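J.: Sharing entry-v3.cif (mmCIF, C-alpha atoms, pLDDT in the B column; chains and numbers go by the auth columns) below.
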```cif
data_query
#
loop_
_atom_site.group_PDB
_atom_site.id
_atom_site.type_symbol
_atom_site.label_atom_id
_atom_site.label_comp_id
_atom_site.label_asym_id
_atom_site.label_seq_id
_atom_site.Cartn_x
_atom_site.Cartn_y
_atom_site.Cartn_z
_atom_site.B_iso_or_equiv
_atom_site.auth_seq_id
_atom_site.auth_asym_id
ATOM 1 C CA MET A 1 -49.550 -110.763 -33.280 52.00 4 A
ATOM 2 C CA TYR A 2 -53.106 -112.022 -32.967 63.00 5 A
ATOM 3 C CA ILE A 3 -54.186 -109.806 -35.882 67.00 6 A
ATOM 4 C CA PHE A 4 -51.506 -111.300 -38.152 60.00 7 A
ATOM 5 C CA ILE A 5 -52.594 -114.831 -37.295 71.00 8 A
ATOM 6 C CA CYS A 6 -56.233 -113.958 -38.028 62.00 9 A
ATOM 7 C CA LEU A 7 -55.298 -112.351 -41.348 64.00 10 A
ATOM 8 C CA PHE A 8 -53.185 -115.360 -42.315 62.00 11 A
ATOM 9 C CA CYS A 9 -56.058 -117.762 -41.522 60.00 12 A
ATOM 10 C CA TYR A 10 -58.483 -115.586 -43.493 63.00 13 A
ATOM 11 C CA PHE A 11 -56.086 -115.638 -46.440 60.00 14 A
ATOM 12 C CA LEU A 12 -55.795 -119.450 -46.310 56.00 15 A
ATOM 13 C CA ILE A 13 -59.568 -119.883 -46.191 61.00 16 A
ATOM 14 C CA ASN A 14 -60.140 -117.543 -49.150 61.00 17 A
ATOM 15 C CA PHE A 15 -57.112 -118.648 -51.197 53.00 18 A
ATOM 16 C CA PRO A 16 -59.136 -120.004 -54.186 58.00 19 A
ATOM 17 C CA THR A 17 -60.882 -116.628 -54.453 61.00 20 A
ATOM 18 C CA TYR A 18 -57.497 -114.899 -54.558 55.00 21 A
ATOM 19 C CA LEU A 19 -56.343 -117.179 -57.365 55.00 22 A
ATOM 20 C CA SER A 20 -59.273 -116.197 -59.589 63.00 23 A
ATOM 21 C CA THR A 21 -58.652 -112.536 -58.716 66.00 24 A
ATOM 22 C CA MET A 22 -54.993 -112.931 -59.730 64.00 25 A
ATOM 23 C CA ASP A 23 -56.059 -114.367 -63.100 68.00 26 A
ATOM 24 C CA GLN A 24 -58.243 -111.315 -63.667 71.00 27 A
ATOM 25 C CA LEU A 25 -55.450 -109.019 -62.523 70.00 28 A
ATOM 26 C CA ARG A 26 -52.992 -110.527 -65.027 73.00 29 A
ATOM 27 C CA GLN A 27 -55.194 -109.253 -67.826 79.00 30 A
ATOM 28 C CA LYS A 28 -54.641 -105.630 -66.680 81.00 31 A
ATOM 29 C CA PRO A 29 -50.946 -104.733 -67.000 84.00 32 A
ATOM 30 C CA PHE A 30 -51.495 -101.035 -66.193 88.00 33 A
ATOM 31 C CA LEU A 31 -53.075 -101.962 -62.855 86.00 34 A
ATOM 32 C CA ILE A 32 -50.128 -104.262 -62.112 85.00 35 A
ATOM 33 C CA PHE A 33 -47.760 -101.394 -62.982 91.00 36 A
ATOM 34 C CA LEU A 34 -49.663 -99.048 -60.671 91.00 37 A
ATOM 35 C CA ILE A 35 -49.613 -101.518 -57.764 88.00 38 A
ATOM 36 C CA PHE A 36 -45.874 -102.143 -58.055 90.00 39 A
ATOM 37 C CA PHE A 37 -45.193 -98.426 -58.579 93.00 40 A
ATOM 38 C CA LEU A 38 -46.904 -97.714 -55.261 92.00 41 A
ATOM 39 C CA LEU A 39 -45.195 -100.634 -53.507 91.00 42 A
ATOM 40 C CA ILE A 40 -41.780 -99.322 -54.563 93.00 43 A
ATOM 41 C CA SER A 41 -42.356 -95.579 -54.342 93.00 44 A
ATOM 42 C CA ILE A 42 -43.982 -95.405 -50.899 92.00 45 A
ATOM 43 C CA PRO A 43 -40.873 -96.700 -49.062 91.00 46 A
ATOM 44 C CA LEU A 44 -38.524 -94.650 -51.253 92.00 47 A
ATOM 45 C CA TRP A 45 -40.436 -91.417 -50.592 92.00 48 A
ATOM 46 C CA THR A 46 -41.131 -92.010 -46.879 91.00 49 A
ATOM 47 C CA LEU A 47 -38.056 -93.799 -45.501 90.00 50 A
ATOM 48 C CA PRO A 48 -34.622 -92.155 -45.377 89.00 51 A
ATOM 49 C CA ILE A 49 -32.948 -94.678 -47.699 90.00 52 A
ATOM 50 C CA GLN A 50 -29.878 -92.859 -48.996 91.00 53 A
ATOM 51 C CA LEU A 51 -29.572 -94.617 -52.309 93.00 54 A
ATOM 52 C CA PHE A 52 -29.430 -91.979 -55.036 95.00 55 A
ATOM 53 C CA PRO A 53 -26.214 -90.137 -56.011 96.00 56 A
ATOM 54 C CA GLY A 54 -26.459 -86.423 -55.356 95.00 57 A
ATOM 55 C CA VAL A 55 -24.665 -83.239 -54.380 95.00 58 A
ATOM 56 C CA ILE A 56 -24.949 -81.227 -51.182 92.00 59 A
ATOM 57 C CA GLU A 57 -23.855 -77.586 -51.362 93.00 60 A
ATOM 58 C CA TYR A 58 -22.724 -76.049 -48.080 91.00 61 A
ATOM 59 C CA GLU A 59 -22.352 -72.314 -47.537 89.00 62 A
ATOM 60 C CA SER A 60 -20.486 -70.994 -44.531 85.00 63 A
ATOM 61 C CA GLY A 61 -19.771 -67.297 -44.650 83.00 64 A
ATOM 62 C CA MET A 62 -17.895 -66.678 -47.881 86.00 65 A
ATOM 63 C CA GLN A 63 -16.982 -70.319 -48.483 90.00 66 A
ATOM 64 C CA GLU A 64 -18.997 -72.692 -50.623 91.00 67 A
ATOM 65 C CA LEU A 65 -18.401 -76.430 -50.635 91.00 68 A
ATOM 66 C CA LYS A 66 -19.937 -79.110 -52.864 93.00 69 A
ATOM 67 C CA ILE A 67 -19.893 -82.647 -51.545 92.00 70 A
ATOM 68 C CA ASP A 68 -20.980 -85.746 -53.440 95.00 71 A
ATOM 69 C CA ALA A 69 -23.243 -87.761 -51.171 93.00 72 A
ATOM 70 C CA PRO A 70 -25.983 -90.351 -51.483 94.00 73 A
ATOM 71 C CA LEU A 71 -29.406 -88.769 -51.000 93.00 74 A
ATOM 72 C CA SER A 72 -32.830 -90.094 -50.194 92.00 75 A
ATOM 73 C CA LEU A 73 -35.998 -89.114 -52.024 92.00 76 A
ATOM 74 C CA SER A 74 -37.603 -88.475 -48.639 90.00 77 A
ATOM 75 C CA HIS A 75 -35.189 -85.578 -48.088 87.00 78 A
ATOM 76 C CA PHE A 76 -36.847 -83.686 -50.929 88.00 79 A
ATOM 77 C CA ILE A 77 -40.204 -83.665 -49.162 88.00 80 A
ATOM 78 C CA GLY A 78 -38.708 -83.041 -45.713 83.00 81 A
ATOM 79 C CA LEU A 79 -39.098 -86.506 -44.188 82.00 82 A
ATOM 80 C CA GLY A 80 -36.199 -88.050 -42.307 76.00 83 A
ATOM 81 C CA LEU A 81 -34.406 -84.767 -41.635 76.00 84 A
ATOM 82 C CA ASN A 82 -33.447 -83.542 -38.194 77.00 85 A
ATOM 83 C CA GLU A 83 -33.169 -79.877 -37.229 76.00 86 A
ATOM 84 C CA GLY A 84 -29.369 -79.795 -37.405 78.00 87 A
ATOM 85 C CA ASP A 85 -29.103 -81.667 -40.685 76.00 88 A
ATOM 86 C CA LEU A 86 -29.619 -78.570 -42.825 79.00 89 A
ATOM 87 C CA ASP A 87 -27.299 -76.198 -40.957 84.00 90 A
ATOM 88 C CA ASN A 88 -25.196 -74.308 -43.524 86.00 91 A
ATOM 89 C CA VAL A 89 -26.749 -76.290 -46.382 87.00 92 A
ATOM 90 C CA LYS A 90 -27.438 -74.038 -49.339 89.00 93 A
ATOM 91 C CA THR A 91 -29.083 -76.685 -51.495 91.00 94 A
ATOM 92 C CA PHE A 92 -28.998 -80.360 -52.354 91.00 95 A
ATOM 93 C CA TYR A 93 -29.916 -82.080 -55.594 94.00 96 A
ATOM 94 C CA LEU A 94 -29.569 -85.334 -57.477 95.00 97 A
ATOM 95 C CA LYS A 95 -26.949 -85.918 -60.126 96.00 98 A
ATOM 96 C CA PRO A 96 -28.067 -87.108 -63.573 96.00 99 A
ATOM 97 C CA SER A 97 -27.172 -90.651 -62.520 96.00 100 A
ATOM 98 C CA GLY A 98 -29.385 -90.174 -59.443 95.00 101 A
ATOM 99 C CA TYR A 99 -32.299 -89.129 -61.632 96.00 102 A
ATOM 100 C CA ALA A 100 -31.696 -92.123 -63.897 96.00 103 A
ATOM 101 C CA LEU A 101 -31.620 -94.469 -60.913 96.00 104 A
ATOM 102 C CA ALA A 102 -34.821 -92.950 -59.522 95.00 105 A
ATOM 103 C CA VAL A 103 -36.581 -93.391 -62.871 96.00 106 A
ATOM 104 C CA ALA A 104 -35.300 -96.958 -63.110 96.00 107 A
ATOM 105 C CA PHE A 105 -36.636 -97.780 -59.645 95.00 108 A
ATOM 106 C CA LEU A 106 -39.933 -95.910 -59.867 95.00 109 A
ATOM 107 C CA ILE A 107 -40.904 -96.595 -63.484 96.00 110 A
ATOM 108 C CA GLY A 108 -38.548 -99.209 -64.936 96.00 111 A
ATOM 109 C CA ILE A 109 -38.944 -102.002 -62.402 95.00 112 A
ATOM 110 C CA PRO A 110 -42.770 -101.808 -62.192 94.00 113 A
ATOM 111 C CA ALA A 111 -42.955 -101.663 -66.007 94.00 114 A
ATOM 112 C CA VAL A 112 -40.786 -104.760 -66.411 94.00 115 A
ATOM 113 C CA ILE A 113 -42.780 -106.657 -63.787 90.00 116 A
ATOM 114 C CA ALA A 114 -46.104 -105.680 -65.411 89.00 117 A
ATOM 115 C CA LEU A 115 -44.793 -106.617 -68.847 89.00 118 A
ATOM 116 C CA ARG A 116 -43.530 -109.971 -67.606 89.00 119 A
ATOM 117 C CA ILE A 117 -46.771 -110.853 -65.841 83.00 120 A
ATOM 118 C CA SER A 118 -48.934 -109.823 -68.805 81.00 121 A
ATOM 119 C CA LYS A 119 -46.741 -111.733 -71.315 80.00 122 A
ATOM 120 C CA LYS A 120 -46.848 -114.824 -69.114 70.00 123 A
ATOM 121 C CA HIS A 121 -50.642 -114.613 -69.101 57.00 124 A
ATOM 122 C CA LYS A 122 -50.858 -114.482 -72.909 59.00 125 A
ATOM 123 C CA LYS A 123 -49.023 -117.804 -73.390 55.00 126 A
#
```
As structure tokens, please, write out the structure in this file.

T.:
Amino acid sequence: MYIFICLFCYFLINFPTYLSTMDQLRQKPFLIFLIFFLLISIPLWTLPIQLFPGVIEYESGMQELKIDAPLSLSHFIGLGLNEGDLDNVKTFYLKPSGYALAVAFLIGIPAVIALRISKKHKK
């Protein structure tokens, strides 16, 4: 808690410096896009937020079963999975709407924010 208080006080003392840095940052829309891309993608790829429509294919003996289920991007890199979660799972993948939603979150939102900030600066 003490660290947060110190950081907050440091931010208040150096606030005018941050304002001039923000003015310089507004002139670089690609850097704004990159910052927001990282801010959005890090939680989506590391936390088990089951947000994207997908399909899980189970295989048990001779039976195969496809179940529509929300998936997390972290499942694709192995984060947020327990040992028993993948028992009898043949594969899992995103639906086309899941891919579209992932692109909208990872590229669309940062692009719109960067565009909005850069257009506001030009006025």

J.: Selected by the PyMOL selection byres ((chain A and resi 105) around 12) in the shown coordinates: which residues, as an NGL selection string?

T.: :A and (40 or 43-44 or 47-48 or 53-57 or 74-76 or 97-104 or 106-112)

J.: For a test of reading the model, state the distance in Å between atom CA of A:Gly83 and atom CA of A:Ile38, rounded to one decimal.

T.: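 It comes out at 24.5 Å.
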
J.: Tell me, in Å to one decimal, how far atom CA of A:Glu67 is from atom CA of A:Pro51.

T.: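 Separating atom CA of A:Glu67 from atom CA of A:Pro51 is a distance of 25.5 Å.
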
J.: If you count all atoms listed in the file, which residues fall within 8 Å of A:Ala117, apart from same-chain ones fewer than 5 positions away, as an mmCIF file with C-alpha atoms, in the coordinates of the input?

T.:
```cif
data_model
loop_
_atom_site.group_PDB
_atom_site.id
_atom_site.type_symbol
_atom_site.label_atom_id
_atom_site.label_comp_id
_atom_site.auth_asym_id
_atom_site.auth_seq_id
_atom_site.Cartn_x
_atom_site.Cartn_y
_atom_site.Cartn_z
ATOM 1 C CA PRO A 32 -50.946 -104.733 -67.000
ATOM 2 C CA PHE A 33 -51.495 -101.035 -66.193
ATOM 3 C CA ILE A 35 -50.128 -104.262 -62.112
ATOM 4 C CA PHE A 36 -47.760 -101.394 -62.982
#
```

J.: Give me, please, the distance in Å between atom CA of A:Lys93 and atom CA of A:Ile52, quoted to one decimal.

T.: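 If I compute the distance from atom CA of A:Lys93 to atom CA of A:Ile52, I get 21.4 Å.
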
J.: Could you expand the PyMOL selection byres ((chain A and resi 121) around 10) into the explicit residues it covers here, written as a PyMOL selection string?

T.: chain A and resi 28-33+35+115-120+122-126

J.: From the options A:Ile70, A:Leu34, A:Leu84, A:Gln27, which residue's atoms come nearest to A:Thr49, counting all atoms listed in the file?

T.: A:Leu84

J.: Mind completing stretch 73-101 of chain A with N, CA and C atoms? Output as a PDB file, in the frame of the given file, please?

T.:
```pdb
ATOM      1  N   PRO A  73     -24.730 -89.679 -51.141  1.00 94.00           N
ATOM      2  CA  PRO A  73     -25.983 -90.351 -51.483  1.00 94.00           C
ATOM      3  C   PRO A  73     -27.151 -89.647 -50.789  1.00 94.00           C
ATOM      4  N   LEU A  74     -28.227 -89.447 -51.533  1.00 93.00           N
ATOM      5  CA  LEU A  74     -29.406 -88.769 -51.000  1.00 93.00           C
ATOM      6  C   LEU A  74     -30.607 -89.701 -51.031  1.00 93.00           C
ATOM      7  N   SER A  75     -31.578 -89.363 -50.228  1.00 92.00           N
ATOM      8  CA  SER A  75     -32.830 -90.094 -50.194  1.00 92.00           C
ATOM      9  C   SER A  75     -33.917 -89.240 -50.830  1.00 92.00           C
ATOM     10  N   LEU A  76     -34.886 -89.874 -51.457  1.00 92.00           N
ATOM     11  CA  LEU A  76     -35.998 -89.114 -52.024  1.00 92.00           C
ATOM     12  C   LEU A  76     -36.831 -88.463 -50.929  1.00 92.00           C
ATOM     13  N   SER A  77     -36.829 -89.052 -49.738  1.00 90.00           N
ATOM     14  CA  SER A  77     -37.603 -88.475 -48.639  1.00 90.00           C
ATOM     15  C   SER A  77     -37.038 -87.131 -48.188  1.00 90.00           C
ATOM     16  N   HIS A  78     -35.763 -86.877 -48.448  1.00 87.00           N
ATOM     17  CA  HIS A  78     -35.189 -85.578 -48.088  1.00 87.00           C
ATOM     18  C   HIS A  78     -35.822 -84.444 -48.875  1.00 87.00           C
ATOM     19  N   PHE A  79     -36.276 -84.724 -50.080  1.00 88.00           N
ATOM     20  CA  PHE A  79     -36.847 -83.686 -50.929  1.00 88.00           C
ATOM     21  C   PHE A  79     -38.235 -83.250 -50.491  1.00 88.00           C
ATOM     22  N   ILE A  80     -38.910 -84.070 -49.697  1.00 88.00           N
ATOM     23  CA  ILE A  80     -40.204 -83.665 -49.162  1.00 88.00           C
ATOM     24  C   ILE A  80     -40.129 -83.397 -47.663  1.00 88.00           C
ATOM     25  N   GLY A  81     -38.912 -83.422 -47.108  1.00 83.00           N
ATOM     26  CA  GLY A  81     -38.708 -83.041 -45.713  1.00 83.00           C
ATOM     27  C   GLY A  81     -38.852 -84.157 -44.704  1.00 83.00           C
ATOM     28  N   LEU A  82     -39.007 -85.387 -45.128  1.00 82.00           N
ATOM     29  CA  LEU A  82     -39.098 -86.506 -44.188  1.00 82.00           C
ATOM     30  C   LEU A  82     -37.707 -87.051 -43.890  1.00 82.00           C
ATOM     31  N   GLY A  83     -37.472 -87.449 -42.670  1.00 76.00           N
ATOM     32  CA  GLY A  83     -36.199 -88.050 -42.307  1.00 76.00           C
ATOM     33  C   GLY A  83     -35.087 -87.059 -42.040  1.00 76.00           C
ATOM     34  N   LEU A  84     -35.417 -85.782 -41.923  1.00 76.00           N
ATOM     35  CA  LEU A  84     -34.406 -84.767 -41.635  1.00 76.00           C
ATOM     36  C   LEU A  84     -34.560 -84.277 -40.202  1.00 76.00           C
ATOM     37  N   ASN A  85     -33.442 -84.119 -39.532  1.00 77.00           N
ATOM     38  CA  ASN A  85     -33.447 -83.542 -38.194  1.00 77.00           C
ATOM     39  C   ASN A  85     -33.170 -82.046 -38.299  1.00 77.00           C
ATOM     40  N   GLU A  86     -33.361 -81.337 -37.208  1.00 76.00           N
ATOM     41  CA  GLU A  86     -33.169 -79.877 -37.229  1.00 76.00           C
ATOM     42  C   GLU A  86     -31.755 -79.494 -37.637  1.00 76.00           C
ATOM     43  N   GLY A  87     -30.752 -80.163 -37.131  1.00 78.00           N
ATOM     44  CA  GLY A  87     -29.369 -79.795 -37.405  1.00 78.00           C
ATOM     45  C   GLY A  87     -28.827 -80.293 -38.729  1.00 78.00           C
ATOM     46  N   ASP A  88     -29.594 -81.097 -39.431  1.00 76.00           N
ATOM     47  CA  ASP A  88     -29.103 -81.667 -40.685  1.00 76.00           C
ATOM     48  C   ASP A  88     -28.905 -80.620 -41.773  1.00 76.00           C
ATOM     49  N   LEU A  89     -29.683 -79.563 -41.757  1.00 79.00           N
ATOM     50  CA  LEU A  89     -29.619 -78.570 -42.825  1.00 79.00           C
ATOM     51  C   LEU A  89     -28.876 -77.303 -42.423  1.00 79.00           C
ATOM     52  N   ASP A  90     -28.101 -77.357 -41.338  1.00 84.00           N
ATOM     53  CA  ASP A  90     -27.299 -76.198 -40.957  1.00 84.00           C
ATOM     54  C   ASP A  90     -26.234 -75.959 -42.021  1.00 84.00           C
ATOM     55  N   ASN A  91     -26.158 -74.741 -42.504  1.00 86.00           N
ATOM     56  CA  ASN A  91     -25.196 -74.308 -43.524  1.00 86.00           C
ATOM     57  C   ASN A  91     -25.385 -74.984 -44.879  1.00 86.00           C
ATOM     58  N   VAL A  92     -26.490 -75.664 -45.083  1.00 87.00           N
ATOM     59  CA  VAL A  92     -26.749 -76.290 -46.382  1.00 87.00           C
ATOM     60  C   VAL A  92     -27.459 -75.277 -47.269  1.00 87.00           C
ATOM     61  N   LYS A  93     -26.838 -74.976 -48.386  1.00 89.00           N
ATOM     62  CA  LYS A  93     -27.438 -74.038 -49.339  1.00 89.00           C
ATOM     63  C   LYS A  93     -28.503 -74.752 -50.156  1.00 89.00           C
ATOM     64  N   THR A  94     -28.142 -75.876 -50.718  1.00 91.00           N
ATOM     65  CA  THR A  94     -29.083 -76.685 -51.495  1.00 91.00           C
ATOM     66  C   THR A  94     -28.550 -78.106 -51.624  1.00 91.00           C
ATOM     67  N   PHE A  95     -29.411 -79.000 -52.015  1.00 91.00           N
ATOM     68  CA  PHE A  95     -28.998 -80.360 -52.354  1.00 91.00           C
ATOM     69  C   PHE A  95     -29.844 -80.823 -53.523  1.00 91.00           C
ATOM     70  N   TYR A  96     -29.233 -81.622 -54.387  1.00 94.00           N
ATOM     71  CA  TYR A  96     -29.916 -82.080 -55.594  1.00 94.00           C
ATOM     72  C   TYR A  96     -29.309 -83.389 -56.054  1.00 94.00           C
ATOM     73  N   LEU A  97     -30.049 -84.077 -56.915  1.00 95.00           N
ATOM     74  CA  LEU A  97     -29.569 -85.334 -57.477  1.00 95.00           C
ATOM     75  C   LEU A  97     -28.707 -85.069 -58.698  1.00 95.00           C
ATOM     76  N   LYS A  98     -27.744 -85.925 -58.895  1.00 96.00           N
ATOM     77  CA  LYS A  98     -26.949 -85.918 -60.126  1.00 96.00           C
ATOM     78  C   LYS A  98     -27.780 -86.557 -61.233  1.00 96.00           C
ATOM     79  N   PRO A  99     -27.344 -86.416 -62.488  1.00 96.00           N
ATOM     80  CA  PRO A  99     -28.067 -87.108 -63.573  1.00 96.00           C
ATOM     81  C   PRO A  99     -28.161 -88.624 -63.353  1.00 96.00           C
ATOM     82  N   SER A 100     -27.108 -89.209 -62.798  1.00 96.00           N
ATOM     83  CA  SER A 100     -27.172 -90.651 -62.520  1.00 96.00           C
ATOM     84  C   SER A 100     -28.180 -90.946 -61.409  1.00 96.00           C
ATOM     85  N   GLY A 101     -28.374 -90.016 -60.487  1.00 95.00           N
ATOM     86  CA  GLY A 101     -29.385 -90.174 -59.443  1.00 95.00           C
ATOM     87  C   GLY A 101     -30.795 -90.126 -60.009  1.00 95.00           C
TER      88      GLY A 101
END
```
